[in-house]
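What follows is work.cif (mmCIF, C-alpha atoms).
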data_my_file
#
loop_
_atom_site.label_atom_id
_atom_site.label_comp_id
_atom_site.auth_asym_id
_atom_site.auth_seq_id
_atom_site.Cartn_x
_atom_site.Cartn_y
_atom_site.Cartn_z
CA MET A 1 -6.29 -24.93 20.22
CA PRO A 2 -9.21 -24.06 22.55
CA GLU A 3 -8.12 -20.40 22.55
CA ALA A 4 -8.04 -20.28 18.75
CA THR A 5 -11.44 -21.95 18.53
CA SER A 6 -12.89 -19.53 21.08
CA ALA A 7 -11.52 -16.53 19.17
CA HIS A 8 -12.90 -17.95 15.95
CA ARG A 9 -16.37 -18.23 17.47
CA ARG A 10 -16.38 -14.73 18.92
CA PRO A 11 -15.25 -12.39 16.10
CA TRP A 12 -17.27 -9.49 17.47
CA GLY A 13 -15.26 -9.62 20.68
CA ARG A 14 -12.07 -9.15 18.68
CA TYR A 15 -13.59 -6.29 16.69
CA ALA A 16 -14.66 -4.63 19.93
CA LEU A 17 -11.14 -4.99 21.31
CA ARG A 18 -9.64 -3.39 18.22
CA ALA A 19 -12.15 -0.54 18.35
CA ALA A 20 -11.37 -0.03 22.04
CA SER A 21 -7.65 0.12 21.23
CA LEU A 22 -8.23 2.84 18.63
CA LEU A 23 -10.53 4.81 20.94
CA ALA A 24 -7.97 4.57 23.74
CA ALA A 25 -5.30 6.02 21.46
CA LEU A 26 -7.60 8.87 20.46
CA GLY A 27 -8.51 9.46 24.10
CA LEU A 28 -4.84 9.65 25.09
CA TRP A 29 -4.24 12.12 22.26
CA GLN A 30 -7.15 14.27 23.45
CA VAL A 31 -5.93 14.28 27.04
CA LEU A 32 -2.31 15.12 26.19
CA THR A 33 -3.22 17.91 23.76
CA GLY A 34 -6.14 19.22 25.82
CA LEU A 35 -3.93 19.57 28.92
CA ASP A 36 -1.09 21.12 26.88
CA VAL A 37 1.36 18.50 28.10
CA ARG A 38 4.91 19.59 27.29
CA LEU A 39 7.51 16.99 28.11
CA TRP A 40 10.16 15.83 25.66
CA VAL A 41 7.36 15.87 23.03
CA HIS A 42 5.43 19.16 22.71
CA PHE A 43 1.83 17.99 22.70
CA ASP A 44 0.69 21.56 23.39
CA GLN A 45 1.47 22.44 19.76
CA LEU A 46 -0.79 19.77 18.28
CA PRO A 47 -4.52 20.28 17.66
CA THR A 48 -6.85 18.25 19.82
CA VAL A 49 -8.98 15.39 18.57
CA ALA A 50 -12.05 17.63 18.86
CA GLU A 51 -10.45 20.31 16.67
CA VAL A 52 -9.43 17.77 14.04
CA GLY A 53 -12.92 16.27 14.15
CA ARG A 54 -14.54 19.65 13.57
CA GLU A 55 -12.21 20.33 10.65
CA PHE A 56 -12.96 16.92 9.17
CA GLY A 57 -16.70 17.54 9.50
CA GLN A 58 -16.34 20.77 7.54
CA ARG A 59 -14.23 19.20 4.82
CA ILE A 60 -16.43 16.22 4.04
CA GLY A 61 -19.10 18.72 3.05
CA ASP A 62 -16.71 20.37 0.61
CA GLY A 63 -16.42 18.98 -2.91
CA LEU A 64 -12.72 19.83 -3.00
CA TYR A 65 -12.01 17.18 -0.36
CA TRP A 66 -13.64 14.48 -2.44
CA GLN A 67 -11.88 15.67 -5.58
CA ASP A 68 -8.51 15.38 -3.81
CA LEU A 69 -9.42 11.90 -2.58
CA ALA A 70 -10.51 10.77 -6.05
CA ASP A 71 -7.34 12.14 -7.65
CA SER A 72 -5.08 10.32 -5.21
CA LEU A 73 -7.01 7.07 -5.60
CA ARG A 74 -6.86 7.32 -9.40
CA ARG A 75 -3.10 7.83 -9.32
CA ILE A 76 -2.60 4.95 -6.90
CA LEU A 77 -4.78 2.49 -8.78
CA THR A 78 -3.28 3.34 -12.18
CA GLY A 79 0.33 3.14 -11.04
CA PHE A 80 -0.25 0.05 -8.92
CA ALA A 81 -2.08 -1.80 -11.70
CA LEU A 82 0.80 -1.14 -14.11
CA ALA A 83 3.32 -2.24 -11.49
CA ALA A 84 1.40 -5.42 -10.73
CA VAL A 85 1.22 -6.51 -14.38
CA LEU A 86 4.77 -5.54 -15.38
CA GLY A 87 6.31 -6.58 -12.06
CA VAL A 88 4.85 -10.08 -12.21
CA ALA A 89 5.72 -10.52 -15.89
CA THR A 90 9.28 -9.27 -15.43
CA GLY A 91 9.81 -11.31 -12.28
CA ILE A 92 8.68 -14.51 -13.98
CA GLY A 93 10.83 -13.73 -17.02
CA ILE A 94 13.97 -13.14 -14.98
CA ALA A 95 13.38 -16.24 -12.84
CA ARG A 96 12.66 -18.50 -15.81
CA SER A 97 15.10 -17.19 -18.43
CA THR A 98 18.84 -16.76 -18.05
CA VAL A 99 18.84 -14.47 -21.08
CA ALA A 100 16.27 -12.16 -19.47
CA ALA A 101 18.17 -12.29 -16.20
CA ASP A 102 21.43 -11.32 -17.93
CA ILE A 103 19.86 -8.50 -19.94
CA LEU A 104 17.38 -7.02 -17.45
CA GLY A 105 18.88 -8.09 -14.14
CA PRO A 106 21.86 -5.68 -14.00
CA VAL A 107 19.81 -2.65 -15.02
CA LEU A 108 17.02 -3.40 -12.54
CA GLU A 109 19.44 -4.10 -9.70
CA VAL A 110 21.07 -0.71 -10.24
CA LEU A 111 17.69 1.05 -10.28
CA ARG A 112 16.13 -0.88 -7.39
CA PRO A 113 17.98 0.85 -4.50
CA ILE A 114 16.97 4.32 -5.77
CA PRO A 115 14.01 5.61 -3.71
CA ALA A 116 11.02 6.21 -5.94
CA ILE A 117 10.57 9.72 -4.55
CA ALA A 118 14.09 10.55 -5.75
CA LEU A 119 12.79 10.04 -9.29
CA VAL A 120 10.59 13.15 -9.07
CA PRO A 121 13.09 15.36 -10.97
CA VAL A 122 13.40 12.67 -13.66
CA ALA A 123 9.60 12.40 -13.91
CA ILE A 124 9.31 16.17 -14.30
CA LEU A 125 11.80 16.07 -17.17
CA LEU A 126 10.37 12.97 -18.87
CA PHE A 127 6.63 13.51 -18.79
CA PRO A 128 4.65 16.41 -20.24
CA SER A 129 2.30 16.69 -17.27
CA ASN A 130 2.56 16.40 -13.50
CA GLU A 131 -0.25 13.82 -13.53
CA GLN A 132 1.75 11.38 -15.65
CA GLY A 133 4.84 11.99 -13.53
CA ILE A 134 3.02 11.18 -10.29
CA VAL A 135 1.61 7.97 -11.79
CA PHE A 136 5.15 7.05 -12.85
CA ILE A 137 6.44 7.60 -9.29
CA THR A 138 3.62 5.42 -7.95
CA PHE A 139 4.43 2.73 -10.50
CA ALA A 140 8.14 2.78 -9.65
CA ALA A 141 7.40 2.48 -5.93
CA ALA A 142 5.29 -0.67 -6.33
CA PHE A 143 7.17 -2.26 -9.24
CA PHE A 144 10.26 -3.44 -7.40
CA PRO A 145 8.56 -5.10 -4.40
CA VAL A 146 6.34 -7.01 -6.84
CA LEU A 147 9.28 -7.89 -9.07
CA VAL A 148 11.50 -9.16 -6.27
CA SER A 149 8.77 -11.18 -4.55
CA THR A 150 7.73 -12.75 -7.85
CA ARG A 151 11.30 -13.63 -8.79
CA HIS A 152 11.96 -15.30 -5.44
CA ALA A 153 8.61 -17.10 -5.41
CA VAL A 154 9.16 -18.55 -8.88
CA GLY A 155 12.77 -19.47 -8.10
CA ALA A 156 11.69 -21.35 -4.97
CA LEU A 157 9.31 -23.68 -6.83
CA THR A 158 10.27 -27.34 -6.77
CA PRO A 159 11.28 -28.68 -10.23
CA VAL A 160 9.30 -31.87 -9.63
CA TRP A 161 6.00 -30.18 -10.47
CA GLU A 162 7.26 -28.83 -13.76
CA GLU A 163 8.82 -32.16 -14.68
CA ALA A 164 5.54 -33.91 -13.99
CA VAL A 165 3.65 -31.62 -16.38
CA LEU A 166 6.31 -32.01 -19.07
CA THR A 167 6.27 -35.78 -18.66
CA MET A 168 2.52 -35.77 -19.26
CA GLY A 169 2.99 -33.90 -22.53
CA GLY A 170 2.40 -30.35 -21.34
CA GLY A 171 4.21 -27.46 -23.02
CA ARG A 172 5.83 -24.32 -21.65
CA TRP A 173 2.57 -22.36 -21.54
CA ARG A 174 0.85 -25.12 -19.64
CA VAL A 175 3.72 -25.21 -17.15
CA LEU A 176 3.37 -21.47 -16.72
CA ALA A 177 -0.40 -21.59 -16.25
CA GLN A 178 -0.66 -24.71 -14.11
CA VAL A 179 2.61 -24.75 -12.15
CA VAL A 180 4.46 -21.44 -12.10
CA LEU A 181 1.63 -18.98 -11.53
CA PRO A 182 -0.35 -21.05 -8.96
CA GLY A 183 2.82 -22.06 -7.11
CA ALA A 184 4.23 -18.55 -6.94
CA LEU A 185 0.90 -16.84 -6.21
CA PRO A 186 1.31 -16.60 -2.40
CA GLY A 187 4.68 -14.91 -2.81
CA ILE A 188 3.36 -12.61 -5.53
CA LEU A 189 0.49 -11.52 -3.30
CA GLY A 190 2.96 -10.71 -0.54
CA GLY A 191 4.79 -8.39 -2.93
CA LEU A 192 1.53 -6.76 -3.98
CA SER A 193 0.62 -6.11 -0.35
CA VAL A 194 3.99 -4.45 0.27
CA GLY A 195 3.80 -2.56 -3.02
CA ILE A 196 0.46 -0.89 -2.31
CA GLY A 197 1.76 0.46 0.99
CA VAL A 198 4.95 1.84 -0.55
CA SER A 199 2.89 3.36 -3.35
CA TRP A 200 0.90 5.44 -0.88
CA ILE A 201 4.09 6.78 0.69
CA CYS A 202 5.47 7.86 -2.65
CA VAL A 203 2.29 9.21 -4.24
CA ILE A 204 1.68 11.48 -1.26
CA SER A 205 5.27 12.71 -1.37
CA ALA A 206 5.06 13.27 -5.13
CA GLU A 207 1.80 15.21 -4.73
CA MET A 208 3.44 17.40 -2.13
CA ILE A 209 6.31 18.23 -4.48
CA SER A 210 4.69 18.51 -7.89
CA GLY A 211 0.97 17.85 -7.58
CA GLU A 212 -1.93 20.13 -8.35
CA TYR A 213 -4.65 18.19 -6.55
CA GLY A 214 -4.65 15.20 -4.24
CA VAL A 215 -4.53 14.45 -0.53
CA GLY A 216 -0.77 14.97 -0.35
CA TYR A 217 -0.94 18.30 -2.15
CA ARG A 218 -3.76 19.54 0.09
CA THR A 219 -1.93 18.41 3.25
CA TRP A 220 1.16 20.34 2.24
CA GLN A 221 -0.90 23.42 1.39
CA ASP A 222 -2.49 23.28 4.84
CA TYR A 223 0.97 23.13 6.40
CA THR A 224 2.18 26.18 4.47
CA ILE A 225 -0.76 28.26 5.74
CA VAL A 226 -0.34 26.88 9.30
CA ASP A 227 -3.67 25.04 9.29
CA TYR A 228 -2.61 22.21 11.58
CA PRO A 229 -6.08 20.67 12.02
CA GLY A 230 -6.20 20.43 8.21
CA VAL A 231 -2.79 18.75 8.22
CA LEU A 232 -4.03 16.14 10.69
CA VAL A 233 -7.18 15.59 8.61
CA GLY A 234 -4.96 14.91 5.60
CA MET A 235 -2.79 12.50 7.58
CA ALA A 236 -5.83 10.63 8.87
CA THR A 237 -7.27 10.44 5.35
CA ILE A 238 -4.00 9.01 4.03
CA GLY A 239 -3.95 6.40 6.81
CA VAL A 240 -7.52 5.30 6.21
CA LEU A 241 -7.07 5.12 2.42
CA GLY A 242 -3.86 3.11 2.82
CA TRP A 243 -5.57 0.72 5.23
CA ILE A 244 -8.57 0.21 2.93
CA THR A 245 -6.48 -0.44 -0.19
CA SER A 246 -4.11 -2.81 1.64
CA ALA A 247 -7.07 -4.69 3.08
CA ALA A 248 -8.59 -4.90 -0.41
CA VAL A 249 -5.39 -6.43 -1.80
CA GLU A 250 -5.22 -8.97 1.03
CA PHE A 251 -8.91 -9.83 0.64
CA ALA A 252 -8.48 -10.39 -3.09
CA GLY A 253 -5.44 -12.53 -2.34
CA ARG A 254 -7.40 -14.75 0.01
CA ARG A 255 -10.14 -15.12 -2.59
CA VAL A 256 -7.82 -16.21 -5.39
CA THR A 257 -5.90 -18.64 -3.14
CA ARG A 258 -8.90 -20.41 -1.62
CA TRP A 259 -7.48 -23.70 -2.85
CA LEU A 260 -4.46 -23.42 -0.54
CA PRO A 261 -4.51 -25.26 2.81
CA ARG A 262 -4.78 -22.75 5.63
CA THR A 263 -4.08 -22.62 9.33
CA ASP A 264 -6.47 -20.56 11.41
CA ARG A 265 -4.11 -17.84 12.66
CA ARG A 266 -6.74 -15.20 13.27
CA ALA A 267 -6.43 -15.50 17.02
CA SER A 268 -2.78 -14.42 16.83
CA ARG A 269 -3.26 -11.49 14.41
#
Please, can you express the file's structure as structure tokens?
Amino acid sequence: MPEATSAHRRPWGRYALRAASLLAALGLWQVLTGLDVRLWVHFDQLPTVAEVGREFGQRIGDGLYWQDLADSLRRILTGFALAAVLGVATGIGIARSTVAADILGPVLEVLRPIPAIALVPVAILLFPSNEQGIVFITFAAAFFPVLVSTRHAVGALTPVWEEAVLTMGGGRWRVLAQVVLPGALPGILGGLSVGIGVSWICVISAEMISGEYGVGYRTWQDYTIVDYPGVLVGMATIGVLGWITSAAVEFAGRRVTRWLPRTDRRASR
């Protein structure tokens, strides 16, 4: 308890520790690549941190970099928003209705193990433009984590709460609004957090295969012309964007579940 309280009172110390960890990793990268260390891993073939930094400095002054970033973000947000709405609705329907479970369950369980990136050929055949196909891949990547988490969260709710609302004269919509959604919300948010991460993996892969613009497309183009500092800039951009969007989902989740009792676990994170 004293350690947790101390960590809670000194957040800047924790931020400094995290920054030091990141700087140490970058410093190790610079040393290994700068000295051309060649052990089991060939660090001598990677660009140094300084080279990647110079390339990044040049690119942020280029409008093409920001266009790629905006295109990838648009695809992610569109596909993820569709997956969040349809995944939650479908998950609740399957968990609450045996008819929906019997009709939709078998089809979804057959589709769920298929990697979203394997749907690229199908997306090319189905949609008239690459843009729509990439959004579809992003949607498919996030849909199933949201669906599964929602279904399990709703199925785990205790029947006592629903019975109490029904006893007090509430109908099915009131049960849904006041019992099912609030009770399942923590589990749903967990699925959304997983879904946004998987979406980034698949949208970048889809952009590499069939994109015209986007961070993934530009990273692959840099690889084909042997511009390895550009490749590392693309990888770093993907990592930062994924971190920001995941943090945004988690922040929104904490805001909408402020009514839940919480344990201060920040010292252990």
Hits of the PyMOL selection byres ((chain A and resi 16-32) around 8) in this structure, as an mmCIF file with C-alpha atoms, keeping the file's coordinate frame:
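Dumped everything to result30.cif:
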data_model
loop_
_atom_site.group_PDB
_atom_site.id
_atom_site.type_symbol
_atom_site.label_atom_id
_atom_site.label_comp_id
_atom_site.auth_asym_id
_atom_site.auth_seq_id
_atom_site.Cartn_x
_atom_site.Cartn_y
_atom_site.Cartn_z
ATOM 1 C CA TRP A 12 -17.270 -9.490 17.470
ATOM 2 C CA GLY A 13 -15.260 -9.620 20.680
ATOM 3 C CA ARG A 14 -12.070 -9.150 18.680
ATOM 4 C CA TYR A 15 -13.590 -6.290 16.690
ATOM 5 C CA THR A 33 -3.220 17.910 23.760
ATOM 6 C CA GLY A 34 -6.140 19.220 25.820
ATOM 7 C CA LEU A 35 -3.930 19.570 28.920
ATOM 8 C CA ASP A 36 -1.090 21.120 26.880
ATOM 9 C CA VAL A 37 1.360 18.500 28.100
ATOM 10 C CA PHE A 43 1.830 17.990 22.700
ATOM 11 C CA ASP A 44 0.690 21.560 23.390
ATOM 12 C CA THR A 48 -6.850 18.250 19.820
ATOM 13 C CA VAL A 49 -8.980 15.390 18.570
ATOM 14 C CA ALA A 50 -12.050 17.630 18.860
#
> Smallest atom-to-atom distance to Gly57 (chain A): which of A:Ala89, A:Val256, A:Val233, A:Ile124, using only C-alpha atoms?
Replying inline: A:Val233
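Residue selection for this entry, given the PyMOL selection byres ((chain A and resi 189) around 10), comprises Ala84, Val146, Ser149, Thr150, Ala184, Leu185, Pro186, Gly187, Ile188, Gly190, Gly191, Leu192, Ser193, Val194, Gly195, Val249, Glu250, Ala252, Gly253, Arg254, Val256 and Thr257 of chain A.
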> Using the chain letters and numbers from the file, which residues does the PyMOL selection byres ((chain A and resi 80) around 8) grab, as a PyMOL selection string?
Replying inline: chain A and resi 76-79+81-84+138-139+142-143+195-196+199
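The spacing separating CA of Ile103 (chain A) from CA of Gly155 (chain A) amounts to 17.6 Å.
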> What is the distance, in Å and to one decimal place, between CA of Gly105 (chain A) and CA of Leu147 (chain A)?
Replying inline: 10.9 Å
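The interatomic distance for the pair CA of Leu126 (chain A) and CA of Thr245 (chain A) works out to 28.5 Å.
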>> Can you pull out the residues contacting Val203 (chain A)? Cut-off 12 Å, using only C-alpha atoms, and skip same-chain residues under 4 positions away; I want them as a VMD selection string.
In response: chain A and resid 71 to 80 116 to 120 130 to 142 195 to 199 207 to 211 213 to 217 238 242
Next, write the just-selected residues to a file, as a PDB file, in the frame of the given file, keeping C-alpha atoms as the atom set.
ATOM      1  CA  ASP A  71      -7.340  12.140  -7.650  1.00  0.00           C
ATOM      2  CA  SER A  72      -5.080  10.320  -5.210  1.00  0.00           C
ATOM      3  CA  LEU A  73      -7.010   7.070  -5.600  1.00  0.00           C
ATOM      4  CA  ARG A  74      -6.860   7.320  -9.400  1.00  0.00           C
ATOM      5  CA  ARG A  75      -3.100   7.830  -9.320  1.00  0.00           C
ATOM      6  CA  ILE A  76      -2.600   4.950  -6.900  1.00  0.00           C
ATOM      7  CA  LEU A  77      -4.780   2.490  -8.780  1.00  0.00           C
ATOM      8  CA  THR A  78      -3.280   3.340 -12.180  1.00  0.00           C
ATOM      9  CA  GLY A  79       0.330   3.140 -11.040  1.00  0.00           C
ATOM     10  CA  PHE A  80      -0.250   0.050  -8.920  1.00  0.00           C
ATOM     11  CA  ALA A 116      11.020   6.210  -5.940  1.00  0.00           C
ATOM     12  CA  ILE A 117      10.570   9.720  -4.550  1.00  0.00           C
ATOM     13  CA  ALA A 118      14.090  10.550  -5.750  1.00  0.00           C
ATOM     14  CA  LEU A 119      12.790  10.040  -9.290  1.00  0.00           C
ATOM     15  CA  VAL A 120      10.590  13.150  -9.070  1.00  0.00           C
ATOM     16  CA  ASN A 130       2.560  16.400 -13.500  1.00  0.00           C
ATOM     17  CA  GLU A 131      -0.250  13.820 -13.530  1.00  0.00           C
ATOM     18  CA  GLN A 132       1.750  11.380 -15.650  1.00  0.00           C
ATOM     19  CA  GLY A 133       4.840  11.990 -13.530  1.00  0.00           C
ATOM     20  CA  ILE A 134       3.020  11.180 -10.290  1.00  0.00           C
ATOM     21  CA  VAL A 135       1.610   7.970 -11.790  1.00  0.00           C
ATOM     22  CA  PHE A 136       5.150   7.050 -12.850  1.00  0.00           C
ATOM     23  CA  ILE A 137       6.440   7.600  -9.290  1.00  0.00           C
ATOM     24  CA  THR A 138       3.620   5.420  -7.950  1.00  0.00           C
ATOM     25  CA  PHE A 139       4.430   2.730 -10.500  1.00  0.00           C
ATOM     26  CA  ALA A 140       8.140   2.780  -9.650  1.00  0.00           C
ATOM     27  CA  ALA A 141       7.400   2.480  -5.930  1.00  0.00           C
ATOM     28  CA  ALA A 142       5.290  -0.670  -6.330  1.00  0.00           C
ATOM     29  CA  GLY A 195       3.800  -2.560  -3.020  1.00  0.00           C
ATOM     30  CA  ILE A 196       0.460  -0.890  -2.310  1.00  0.00           C
ATOM     31  CA  GLY A 197       1.760   0.460   0.990  1.00  0.00           C
ATOM     32  CA  VAL A 198       4.950   1.840  -0.550  1.00  0.00           C
ATOM     33  CA  SER A 199       2.890   3.360  -3.350  1.00  0.00           C
ATOM     34  CA  GLU A 207       1.800  15.210  -4.730  1.00  0.00           C
ATOM     35  CA  MET A 208       3.440  17.400  -2.130  1.00  0.00           C
ATOM     36  CA  ILE A 209       6.310  18.230  -4.480  1.00  0.00           C
ATOM     37  CA  SER A 210       4.690  18.510  -7.890  1.00  0.00           C
ATOM     38  CA  GLY A 211       0.970  17.850  -7.580  1.00  0.00           C
ATOM     39  CA  TYR A 213      -4.650  18.190  -6.550  1.00  0.00           C
ATOM     40  CA  GLY A 214      -4.650  15.200  -4.240  1.00  0.00           C
ATOM     41  CA  VAL A 215      -4.530  14.450  -0.530  1.00  0.00           C
ATOM     42  CA  GLY A 216      -0.770  14.970  -0.350  1.00  0.00           C
ATOM     43  CA  TYR A 217      -0.940  18.300  -2.150  1.00  0.00           C
ATOM     44  CA  ILE A 238      -4.000   9.010   4.030  1.00  0.00           C
ATOM     45  CA  GLY A 242      -3.860   3.110   2.820  1.00  0.00           C
TER      46      GLY A 242
END
>> Using all atoms listed in the file, can you tell me which of A:Leu241, A:Pro115, A:Ala164, A:Ile225 comes closest to Gln178 (chain A)?
In response: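 Closest candidate: A:Ala164.
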>> Counting all atoms listed in the file, which residue out of A:Arg255, A:Ile244, A:Tyr65, A:Ala236 sits closest to Val52 (chain A)?
In response: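 Nearest to Val52 (chain A): A:Ala236.
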>> Restricting the calculation to all atoms listed in the file: of A:Gly93, A:Leu46, A:Ser129, A:Pro11, which residue gets closest to Glu212 (chain A)?
In response: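 The shortest atom-to-atom distance to Glu212 (chain A) comes from A:Ser129.
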> So which one's closest to Asp68 (chain A), A:Arg96, A:Val240, A:Phe251, A:Thr219? Using all atoms listed in the file, please.
Replying inline: A:Thr219
> Taking all atoms listed in the file into account, which of A:Val122, A:Ile94, A:Val99, A:Leu86 comes nearest Ala206 (chain A)?
Replying inline: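 So, comparing all the options, the nearest one is A:Val122.
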